[in-house]
Amino acid sequence: MMSPRAACLLLAACACAAEAGAQTAPLYSWYSPSRGDNSASTDPRWAGAPGATRSPDYRFVRVEGLVLASARPGTVPLHTWYNPSRGDNFTTTDPRWVGAPGDEQEGYRFVRLEGHVYERPVAGTVPLQSMWDPEREDNHATSSPLSIGDIGATRPPNYRLYRTEGYLIPSPDEPLPDLLLRRLGYAATPVAGERPLLLIQTDFTDVSPLNGASYFEALFFGAGSPSVAGLFRSISGGRFGYRRAGRVTVSFPKTFAEATASVAAFDREVIQRAAAAGADIASFDADGNGTTTPEELAIVVLNPIPGGGSGCAGQTRGVTAAGPGFRYAGNVSFTHEDGEVNMYAHELFHQLEGGEHIYGPGAAINPRASFYAASYCPASSRGPTQLDPWFKIRMGWLRPRVYPILSSAWSAVLAPADPAPTSGREPIVLYDLQRGLDEFFILEYRTPRAPASRGFDAGVNSQGLAVWYVRKDGAHNLVAFNWPPPIRAAFDPSVRTHMLADFIIGSGGPGVGPFWTAADGEFALSWGDGTDSGLRVRVGPAAERSAVLPVQWRNARQPFLPRIDAIRPAAFAAGATPVLAADGVFPVSDADFAVLVEGGGREFRAALATLDVGRVTFTPPSLAAGTWAAVTAIGGAKGNAYPLKVSR
Ligand SMILES: [Zn+2]
């Protein structure tokens, strides 16, 4: 059963965008290289799309956001001026530059009123900031996540940010800049396709295979329960998987100990004996270069022994083996027969990624959040578990939503980690403009029981918001760290290595679970070095099998200021008490939240009917004829006011 609240969320997401569109205008930005001029306008004649051009040589850049078509309480007008000698368009809310047609000052001619922008950072808005380049003599107003920042910050070639003009509603159609995603580590070309997978079971004089063909057929490829191949299709959003290339059993005329006395010799011999037993390795040499590689044929070796000394070990090692008519070179996964889906997926992912695991503090929660955790152990597995979102981003399997930690607050909904989330529900990356894109948090909804997950996250720690901390270098390698408190266990003796900065921050601290839920209230997140990120996050209520998880975040310096974009109906008769629906951006919890109706120096509290992040319904008290305003409030802070017309 879907909860009524969850059902409501689906509805609100659509209605909100449509309603906002009717009362807003996109702010299009263009750049002319010959004039060295950035220009921003809502003028329909300058409506553009990627690839568009205008005389003399303006190229379309982006939609900066949506501007309100008419003035409302809490908004300021946005005007454009043009200086022909500088070739500079100048768009500002500066009161000294309020103008009218025919006005001229400081060499600038008034062009037009573009619309109105919010004066304060109401929820879900982006700042429109101005910067000046004295070489180009160019004023540039932008909301681009690659450009905005602290006043005084510089941007190439010679720009300096000097003013925040106001706050825009983000355009739902504006894609994230490719450059931003690339700096984040998102693979432009996803790892895709379906790889042949060969299973090799080994037989020794002292130990023999425990399981037959049908057992491994079901475990790796079966449709009845989550299989290894199915897990890869799940984590890749259907982009990547494995298909059966066969299964052979190879016999060694030795004991297991004798056969594996030399690891290198054993690794080589396994492949050679598999070829002799009928595995046609050369036939998978797709590019015909004489060497079959793991990209062409993945190999998993299954030894009939309990896994390693700790019972947890599998290893993926570089192997070169040759025999009559074939040569194989690359990573081969050596495992044992008593593994389970996650362990085989872990070793196969080593073949794909080749790099380091997720380590991080605490051996408890990380392995129940990703099968690629170093401390992962089949013995403690609760069932198939997803790959963490950082590696999904690296593989090009997950295109996240990305937001800088700004003065403005936000709320959104998340879909479960599996299946591939629908657009607008993906995991969220939050970064700091000062720290840049090599360090960030990822917010992800994890749940073992949502029907949409089809069992591919059955082993996850708990239902709730998984918060990941990631720090990497410019080449997208995770940073190893041994930082001071609060992260004390920087050296993990269980894996005898320093940790890498890709780990869960649970409600008990770094690496300590459970995931965050509504019961945790608002919580603070710290960077890996222990400093406060300024980020304050709150999770909304979700039923046990909910298909969505509401989440909100804000900067500690700024309260959450709810935003009303539209109210329907916006006009009604005196004495009537209709149910009004407000679309906008609202908090995830009704704690401290109220809708107020204000007018003539009086203030009433409306009866709240429903609340979700995109829509609020409420009933005003009986009002006298006149103009009133609906205002949302949370704690002591009020959002924007939206006019209500009450007729006689
Ligand atoms: Zn490993």
# chains A, B, ... in the order shown; residues from 1 in each chain; ligands from 1

call {"tool": "residues_around", "arguments": {"residues": "Ala47 of chain A", "least_positions_apart": "2", "cutoff": "12 Å", "atoms": "only C-alpha atoms", "output": "list in words"}}
result
Ala25, Pro26, Leu27, Tyr28, Ser29, Trp30, Ala40, Ser41, Thr42, Asp43, Pro44, Arg45, Ala49, Pro50, Ala52, Thr53, Arg54, Arg59, Phe60, Val61, Arg62, Val63 and Glu64 of chain A

call {"tool": "residues_near_ligand", "arguments": {"ligand": "ligand 1", "cutoff": "9 Å", "atoms": "only C-alpha atoms and all ligand atoms", "output": "ChimeraX atom specification"}}
result
/A:313-316,343,346-347,349-350,356-357,372-376

call {"tool": "write_last_selection", "arguments": {"atoms": "N, CA and C atoms", "output": "PDB file, in the first residue's frame"}}
result
ATOM      1  N   ALA A 313      37.172 -13.859   2.479  1.00  0.00           N
ATOM      2  CA  ALA A 313      38.062 -13.396   1.420  1.00  0.00           C
ATOM      3  C   ALA A 313      37.672 -13.901   0.046  1.00  0.00           C
ATOM      4  N   GLY A 314      37.664 -13.016  -0.889  1.00  0.00           N
ATOM      5  CA  GLY A 314      37.729 -13.334  -2.296  1.00  0.00           C
ATOM      6  C   GLY A 314      38.807 -12.413  -2.816  1.00  0.00           C
ATOM      7  N   GLN A 315      39.406 -12.761  -3.933  1.00  0.00           N
ATOM      8  CA  GLN A 315      40.447 -11.881  -4.456  1.00  0.00           C
ATOM      9  C   GLN A 315      40.340 -11.799  -5.955  1.00  0.00           C
ATOM     10  N   THR A 316      40.624 -10.636  -6.486  1.00  0.00           N
ATOM     11  CA  THR A 316      40.671 -10.470  -7.925  1.00  0.00           C
ATOM     12  C   THR A 316      42.103 -10.090  -8.280  1.00  0.00           C
ATOM     13  N   MET A 343      29.068 -11.082  -2.610  1.00  0.00           N
ATOM     14  CA  MET A 343      30.509 -11.323  -2.683  1.00  0.00           C
ATOM     15  C   MET A 343      30.973 -11.516  -4.120  1.00  0.00           C
ATOM     16  N   HIS A 346      30.940  -8.193  -5.676  1.00  0.00           N
ATOM     17  CA  HIS A 346      32.096  -7.436  -5.187  1.00  0.00           C
ATOM     18  C   HIS A 346      33.341  -7.755  -6.029  1.00  0.00           C
ATOM     19  N   GLU A 347      33.605  -9.066  -6.200  1.00  0.00           N
ATOM     20  CA  GLU A 347      34.805  -9.452  -6.956  1.00  0.00           C
ATOM     21  C   GLU A 347      34.689  -9.071  -8.431  1.00  0.00           C
ATOM     22  N   PHE A 349      33.043  -6.574  -9.549  1.00  0.00           N
ATOM     23  CA  PHE A 349      33.195  -5.121  -9.654  1.00  0.00           C
ATOM     24  C   PHE A 349      34.671  -4.717  -9.604  1.00  0.00           C
ATOM     25  N   HIS A 350      35.498  -5.495  -8.898  1.00  0.00           N
ATOM     26  CA  HIS A 350      36.948  -5.256  -8.949  1.00  0.00           C
ATOM     27  C   HIS A 350      37.455  -5.345 -10.385  1.00  0.00           C
ATOM     28  N   GLU A 356      40.158   1.043  -5.647  1.00  0.00           N
ATOM     29  CA  GLU A 356      40.052   0.727  -4.236  1.00  0.00           C
ATOM     30  C   GLU A 356      38.611   0.528  -3.805  1.00  0.00           C
ATOM     31  N   HIS A 357      38.483  -0.139  -2.678  1.00  0.00           N
ATOM     32  CA  HIS A 357      37.187  -0.319  -2.057  1.00  0.00           C
ATOM     33  C   HIS A 357      36.695   0.968  -1.427  1.00  0.00           C
ATOM     34  N   TYR A 372      30.466  -3.228  -2.160  1.00  0.00           N
ATOM     35  CA  TYR A 372      31.871  -2.988  -2.475  1.00  0.00           C
ATOM     36  C   TYR A 372      32.653  -2.520  -1.247  1.00  0.00           C
ATOM     37  N   ALA A 373      32.040  -2.545  -0.069  1.00  0.00           N
ATOM     38  CA  ALA A 373      32.764  -2.205   1.150  1.00  0.00           C
ATOM     39  C   ALA A 373      33.871  -3.219   1.376  1.00  0.00           C
ATOM     40  N   ALA A 374      35.030  -2.735   1.810  1.00  0.00           N
ATOM     41  CA  ALA A 374      36.162  -3.631   2.036  1.00  0.00           C
ATOM     42  C   ALA A 374      35.857  -4.641   3.120  1.00  0.00           C
ATOM     43  N   SER A 375      35.108  -4.192   4.111  1.00  0.00           N
ATOM     44  CA  SER A 375      34.839  -5.049   5.262  1.00  0.00           C
ATOM     45  C   SER A 375      33.632  -5.949   5.009  1.00  0.00           C
ATOM     46  N   TYR A 376      33.237  -6.056   3.755  1.00  0.00           N
ATOM     47  CA  TYR A 376      32.103  -6.891   3.416  1.00  0.00           C
ATOM     48  C   TYR A 376      32.406  -8.367   3.710  1.00  0.00           C
TER      49      TYR A 376
END

call {"tool": "residues_around", "arguments": {"residues": "Ser283 of chain A", "least_positions_apart": "5", "cutoff": "10 Å", "atoms": "only C-alpha atoms", "output": "ChimeraX atom specification"}}
result
/A:288,292,296-297,325-326

call {"tool": "write_last_selection", "arguments": {"atoms": "N, CA and C atoms", "output": "PDB file, in the first residue's frame"}}
result
ATOM      1  N   GLY A 288      39.762  -9.630 -31.797  1.00  0.00           N
ATOM      2  CA  GLY A 288      40.640 -10.448 -32.635  1.00  0.00           C
ATOM      3  C   GLY A 288      42.112 -10.106 -32.523  1.00  0.00           C
ATOM      4  N   THR A 292      42.414 -12.617 -25.164  1.00  0.00           N
ATOM      5  CA  THR A 292      41.091 -12.416 -24.578  1.00  0.00           C
ATOM      6  C   THR A 292      41.277 -11.708 -23.239  1.00  0.00           C
ATOM      7  N   GLU A 296      36.216  -8.788 -22.540  1.00  0.00           N
ATOM      8  CA  GLU A 296      35.620  -9.685 -23.540  1.00  0.00           C
ATOM      9  C   GLU A 296      35.038 -10.948 -22.892  1.00  0.00           C
ATOM     10  N   LEU A 297      35.675 -11.378 -21.811  1.00  0.00           N
ATOM     11  CA  LEU A 297      35.214 -12.572 -21.094  1.00  0.00           C
ATOM     12  C   LEU A 297      35.600 -12.440 -19.619  1.00  0.00           C
ATOM     13  N   GLY A 325      46.184 -22.204 -28.908  1.00  0.00           N
ATOM     14  CA  GLY A 325      45.159 -21.409 -29.592  1.00  0.00           C
ATOM     15  C   GLY A 325      44.557 -20.280 -28.777  1.00  0.00           C
ATOM     16  N   PHE A 326      45.034 -20.006 -27.566  1.00  0.00           N
ATOM     17  CA  PHE A 326      44.431 -18.907 -26.798  1.00  0.00           C
ATOM     18  C   PHE A 326      45.465 -18.216 -25.915  1.00  0.00           C
TER      19      PHE A 326
END

call {"tool": "atom_distance", "arguments": {"atom1": "atom CA of Leu184 of chain A", "atom2": "atom CA of Ser39 of chain A"}}
result
28.1 Å

call {"tool": "residues_around", "arguments": {"residues": "Leu443 of chain A", "least_positions_apart": "2", "cutoff": "9 Å", "atoms": "only C-alpha atoms", "output": "MDAnalysis selection string"}}
result
chainID A and resid 389 414 427:430 441 445 465:468 551

call {"tool": "write_last_selection", "arguments": {"atoms": "C-alpha atoms", "output": "mmCIF file, in the first residue's frame"}}
result
data_model
loop_
_atom_site.group_PDB
_atom_site.id
_atom_site.type_symbol
_atom_site.label_atom_id
_atom_site.label_comp_id
_atom_site.auth_asym_id
_atom_site.auth_seq_id
_atom_site.Cartn_x
_atom_site.Cartn_y
_atom_site.Cartn_z
ATOM 1 C CA PRO A 389 26.250 5.933 -5.310
ATOM 2 C CA LEU A 414 14.076 10.628 -3.390
ATOM 3 C CA PRO A 427 20.166 10.816 -5.309
ATOM 4 C CA ILE A 428 21.351 14.333 -4.439
ATOM 5 C CA VAL A 429 24.938 15.574 -4.333
ATOM 6 C CA LEU A 430 25.555 18.553 -2.036
ATOM 7 C CA PHE A 441 27.799 14.508 0.433
ATOM 8 C CA TYR A 445 17.003 6.717 -0.143
ATOM 9 C CA LEU A 465 18.290 8.401 4.280
ATOM 10 C CA ALA A 466 21.805 7.115 3.603
ATOM 11 C CA VAL A 467 24.239 10.037 3.737
ATOM 12 C CA TRP A 468 27.581 9.369 2.029
ATOM 13 C CA VAL A 551 14.107 15.249 2.504
#

call {"tool": "residues_around", "arguments": {"residues": "Pro170 of chain A", "least_positions_apart": "5", "cutoff": "12 Å", "atoms": "only C-alpha atoms", "output": "ChimeraX atom specification"}}
result
/A:17,20-21,24-27,62-68,117,122-128,142-145,175-176,403,408,410,585

call {"tool": "select_by_dssp", "arguments": {"residues": "segment 294-505 of chain A", "states": "strand (DSSP E or B)", "output": "PDB file with C-alpha atoms, in the first residue's frame"}}
result
ATOM      1  CA  ALA A 298      34.852 -12.231 -17.337  1.00  0.00           C
ATOM      2  CA  ILE A 299      36.073 -15.228 -15.312  1.00  0.00           C
ATOM      3  CA  VAL A 300      35.085 -16.251 -11.789  1.00  0.00           C
ATOM      4  CA  VAL A 301      36.904 -19.196 -10.185  1.00  0.00           C
ATOM      5  CA  LEU A 302      34.954 -21.068  -7.500  1.00  0.00           C
ATOM      6  CA  ASN A 303      37.094 -23.066  -5.091  1.00  0.00           C
ATOM      7  CA  GLN A 315      40.447 -11.881  -4.456  1.00  0.00           C
ATOM      8  CA  THR A 316      40.671 -10.470  -7.925  1.00  0.00           C
ATOM      9  CA  ARG A 317      44.170 -10.787  -9.347  1.00  0.00           C
ATOM     10  CA  GLY A 318      45.940 -10.029 -12.607  1.00  0.00           C
ATOM     11  CA  VAL A 319      46.564 -13.242 -14.538  1.00  0.00           C
ATOM     12  CA  THR A 320      48.272 -14.037 -17.820  1.00  0.00           C
ATOM     13  CA  ALA A 321      47.726 -17.546 -19.141  1.00  0.00           C
ATOM     14  CA  ALA A 322      48.290 -19.066 -22.568  1.00  0.00           C
ATOM     15  CA  GLY A 323      47.741 -22.452 -24.167  1.00  0.00           C
ATOM     16  CA  PHE A 326      44.431 -18.907 -26.798  1.00  0.00           C
ATOM     17  CA  ARG A 327      45.907 -16.245 -24.578  1.00  0.00           C
ATOM     18  CA  TYR A 328      44.123 -14.631 -21.623  1.00  0.00           C
ATOM     19  CA  ALA A 329      45.320 -11.532 -19.761  1.00  0.00           C
ATOM     20  CA  GLY A 330      43.599  -9.492 -17.105  1.00  0.00           C
ATOM     21  CA  ASN A 331      41.843  -9.601 -13.748  1.00  0.00           C
ATOM     22  CA  VAL A 332      40.302 -12.916 -12.710  1.00  0.00           C
ATOM     23  CA  SER A 333      38.169 -13.289  -9.574  1.00  0.00           C
ATOM     24  CA  PHE A 334      39.161 -16.122  -7.217  1.00  0.00           C
ATOM     25  CA  THR A 335      36.366 -16.987  -4.844  1.00  0.00           C
ATOM     26  CA  HIS A 336      34.917 -19.864  -2.904  1.00  0.00           C
ATOM     27  CA  ILE A 358      35.032   1.788   0.104  1.00  0.00           C
ATOM     28  CA  ALA A 373      32.764  -2.205   1.150  1.00  0.00           C
ATOM     29  CA  ARG A 401      21.019  15.935  -8.929  1.00  0.00           C
ATOM     30  CA  VAL A 402      23.678  18.402  -7.781  1.00  0.00           C
ATOM     31  CA  TYR A 403      23.213  21.429  -5.512  1.00  0.00           C
ATOM     32  CA  PRO A 404      25.681  23.786  -3.870  1.00  0.00           C
ATOM     33  CA  TRP A 410      15.469  23.076  -0.389  1.00  0.00           C
ATOM     34  CA  SER A 411      13.173  20.112  -0.127  1.00  0.00           C
ATOM     35  CA  ALA A 412      12.851  17.214  -2.537  1.00  0.00           C
ATOM     36  CA  VAL A 413      11.817  13.603  -2.801  1.00  0.00           C
ATOM     37  CA  LEU A 414      14.076  10.628  -3.390  1.00  0.00           C
ATOM     38  CA  PRO A 416      14.754   4.019  -3.678  1.00  0.00           C
ATOM     39  CA  ILE A 428      21.351  14.333  -4.439  1.00  0.00           C
ATOM     40  CA  VAL A 429      24.938  15.574  -4.333  1.00  0.00           C
ATOM     41  CA  LEU A 430      25.555  18.553  -2.036  1.00  0.00           C
ATOM     42  CA  TYR A 431      28.843  20.461  -2.284  1.00  0.00           C
ATOM     43  CA  ASP A 432      30.345  23.625  -0.895  1.00  0.00           C
ATOM     44  CA  GLY A 436      34.784  22.694  -4.706  1.00  0.00           C
ATOM     45  CA  LEU A 437      33.643  19.504  -6.391  1.00  0.00           C
ATOM     46  CA  ASP A 438      36.218  17.069  -4.984  1.00  0.00           C
ATOM     47  CA  GLU A 439      34.401  16.807  -1.665  1.00  0.00           C
ATOM     48  CA  PHE A 440      30.680  16.326  -1.193  1.00  0.00           C
ATOM     49  CA  PHE A 441      27.799  14.508   0.433  1.00  0.00           C
ATOM     50  CA  ILE A 442      25.409  12.197  -1.395  1.00  0.00           C
ATOM     51  CA  LEU A 443      21.850  11.760  -0.105  1.00  0.00           C
ATOM     52  CA  GLU A 444      20.266   8.481  -1.098  1.00  0.00           C
ATOM     53  CA  TYR A 445      17.003   6.717  -0.143  1.00  0.00           C
ATOM     54  CA  ARG A 446      17.635   3.121   0.877  1.00  0.00           C
ATOM     55  CA  GLY A 464      15.958   5.780   5.622  1.00  0.00           C
ATOM     56  CA  LEU A 465      18.290   8.401   4.280  1.00  0.00           C
ATOM     57  CA  ALA A 466      21.805   7.115   3.603  1.00  0.00           C
ATOM     58  CA  VAL A 467      24.239  10.037   3.737  1.00  0.00           C
ATOM     59  CA  TRP A 468      27.581   9.369   2.029  1.00  0.00           C
ATOM     60  CA  TYR A 469      30.720  11.431   2.491  1.00  0.00           C
ATOM     61  CA  VAL A 470      33.057  11.431  -0.516  1.00  0.00           C
ATOM     62  CA  ARG A 471      36.427  13.083  -0.966  1.00  0.00           C
ATOM     63  CA  LYS A 472      38.526  12.528  -4.051  1.00  0.00           C
ATOM     64  CA  LEU A 478      39.263   8.533  -3.487  1.00  0.00           C
ATOM     65  CA  ALA A 480      43.050   8.065   1.755  1.00  0.00           C
ATOM     66  CA  PHE A 481      42.934   9.778   5.096  1.00  0.00           C
ATOM     67  CA  PHE A 491      43.454   2.924  10.272  1.00  0.00           C
ATOM     68  CA  ASP A 492      41.239  -0.115   9.922  1.00  0.00           C
ATOM     69  CA  THR A 497      44.752  -0.167   5.468  1.00  0.00           C
ATOM     70  CA  HIS A 498      43.999   3.468   5.822  1.00  0.00           C
ATOM     71  CA  MET A 499      40.505   4.346   4.870  1.00  0.00           C
ATOM     72  CA  LEU A 500      39.255   5.988   1.755  1.00  0.00           C
ATOM     73  CA  ASP A 502      33.694   7.192   0.701  1.00  0.00           C
ATOM     74  CA  PHE A 503      31.613   6.181   3.654  1.00  0.00           C
ATOM     75  CA  ILE A 504      28.256   6.414   5.351  1.00  0.00           C
ATOM     76  CA  ILE A 505      27.534   9.011   7.978  1.00  0.00           C
TER      77      ILE A 505
END

call {"tool": "closest_residue", "arguments": {"among": "A:Thr291, A:His79, A:Ile169, A:Ile393", "to": "Thr189 of chain A", "atoms": "only C-alpha atoms"}}
result
A:Ile393

call {"tool": "atom_distance", "arguments": {"atom1": "atom CA of Asp280 of chain A", "atom2": "atom CA of Asp206 of chain A"}}
result
27.8 Å

call {"tool": "closest_residue", "arguments": {"among": "A:Arg273, A:Arg72, A:Arg243, A:Arg382", "to": "Gln23 of chain A", "atoms": "only C-alpha atoms"}}
result
A:Arg72

call {"tool": "residues_around", "arguments": {"residues": "Asp88 of chain A", "least_positions_apart": "5", "cutoff": "10 Å", "atoms": "only C-alpha atoms", "output": "list in words"}}
result
Ser32, Arg35, Gly36, Asp37, Asn38, Ser39, Trp81, Tyr82, Asn83, Tyr108, Arg136, Glu137, Asp138, Asn139 and His140 of chain A

call {"tool": "select_by_dssp", "arguments": {"residues": "segment 43-240 of chain A", "states": "helix (DSSP H, G or I)", "output": "JSON, numbers by chain"}}
result
{"A": [44, 45, 46, 95, 96, 97, 178, 179, 180, 181, 182, 183, 184, 213, 214, 215, 216, 217, 218, 219, 220, 221, 228, 229, 230, 231, 232, 233, 234, 235]}

call {"tool": "residues_around", "arguments": {"residues": "Asp94 of chain A", "least_positions_apart": "4", "cutoff": "12 Å", "atoms": "only C-alpha atoms", "output": "MDAnalysis selection string"}}
result
chainID A and resid 76:81 90 98:99 117 119 129:130 162:166

call {"tool": "decode", "arguments": {"residues": "segment 27-82 of chain A", "atoms": "C-alpha atoms", "output": "short mmCIF file (atom, residue, chain, number, x, y, z; two decimals), in the first residue's frame"}}
result
data_model
loop_
_atom_site.label_atom_id
_atom_site.label_comp_id
_atom_site.auth_asym_id
_atom_site.auth_seq_id
_atom_site.Cartn_x
_atom_site.Cartn_y
_atom_site.Cartn_z
CA LEU A 27 15.74 34.43 -18.03
CA TYR A 28 17.83 33.56 -21.11
CA SER A 29 21.53 34.30 -21.16
CA TRP A 30 23.68 34.92 -24.24
CA TYR A 31 27.31 35.79 -24.90
CA SER A 32 28.88 37.83 -27.69
CA PRO A 33 32.64 37.27 -28.13
CA SER A 34 33.09 40.37 -30.33
CA ARG A 35 31.48 42.64 -27.73
CA GLY A 36 32.77 40.63 -24.78
CA ASP A 37 29.19 40.92 -23.52
CA ASN A 38 27.06 38.63 -21.40
CA SER A 39 23.39 39.45 -21.68
CA ALA A 40 20.39 38.14 -19.72
CA SER A 41 16.80 38.79 -20.73
CA THR A 42 13.26 37.44 -20.53
CA ASP A 43 12.42 39.19 -23.83
CA PRO A 44 10.62 36.56 -25.95
CA ARG A 45 12.74 37.71 -28.91
CA TRP A 46 15.74 36.40 -26.99
CA ALA A 47 14.14 33.06 -26.16
CA GLY A 48 16.82 30.50 -26.99
CA ALA A 49 18.05 26.96 -26.80
CA PRO A 50 21.49 25.35 -27.05
CA GLY A 51 23.05 26.12 -30.44
CA ALA A 52 20.98 29.26 -31.08
CA THR A 53 22.70 32.45 -32.32
CA ARG A 54 21.69 36.16 -32.69
CA SER A 55 23.29 39.12 -34.45
CA PRO A 56 26.09 40.14 -34.27
CA ASP A 57 27.55 36.97 -32.73
CA TYR A 58 25.55 36.19 -29.58
CA ARG A 59 25.51 32.52 -28.68
CA PHE A 60 22.87 31.06 -26.39
CA VAL A 61 24.39 30.10 -23.01
CA ARG A 62 21.66 28.86 -20.68
CA VAL A 63 18.42 29.61 -18.87
CA GLU A 64 19.49 31.25 -15.61
CA GLY A 65 16.15 30.53 -13.98
CA LEU A 66 12.55 31.72 -13.86
CA VAL A 67 11.61 35.32 -13.13
CA LEU A 68 8.16 36.24 -11.76
CA ALA A 69 6.05 37.99 -14.39
CA SER A 70 4.42 40.36 -11.90
CA ALA A 71 5.41 42.02 -8.65
CA ARG A 72 4.49 40.31 -5.38
CA PRO A 73 5.28 41.04 -1.78
CA GLY A 74 8.94 40.21 -1.18
CA THR A 75 10.10 40.66 -4.78
CA VAL A 76 12.24 43.30 -6.47
CA PRO A 77 12.15 44.40 -10.13
CA LEU A 78 14.92 43.32 -12.48
CA HIS A 79 15.92 45.90 -15.12
CA THR A 80 18.23 45.77 -18.12
CA TRP A 81 20.35 48.64 -19.42
CA TYR A 82 22.70 48.78 -22.40
#
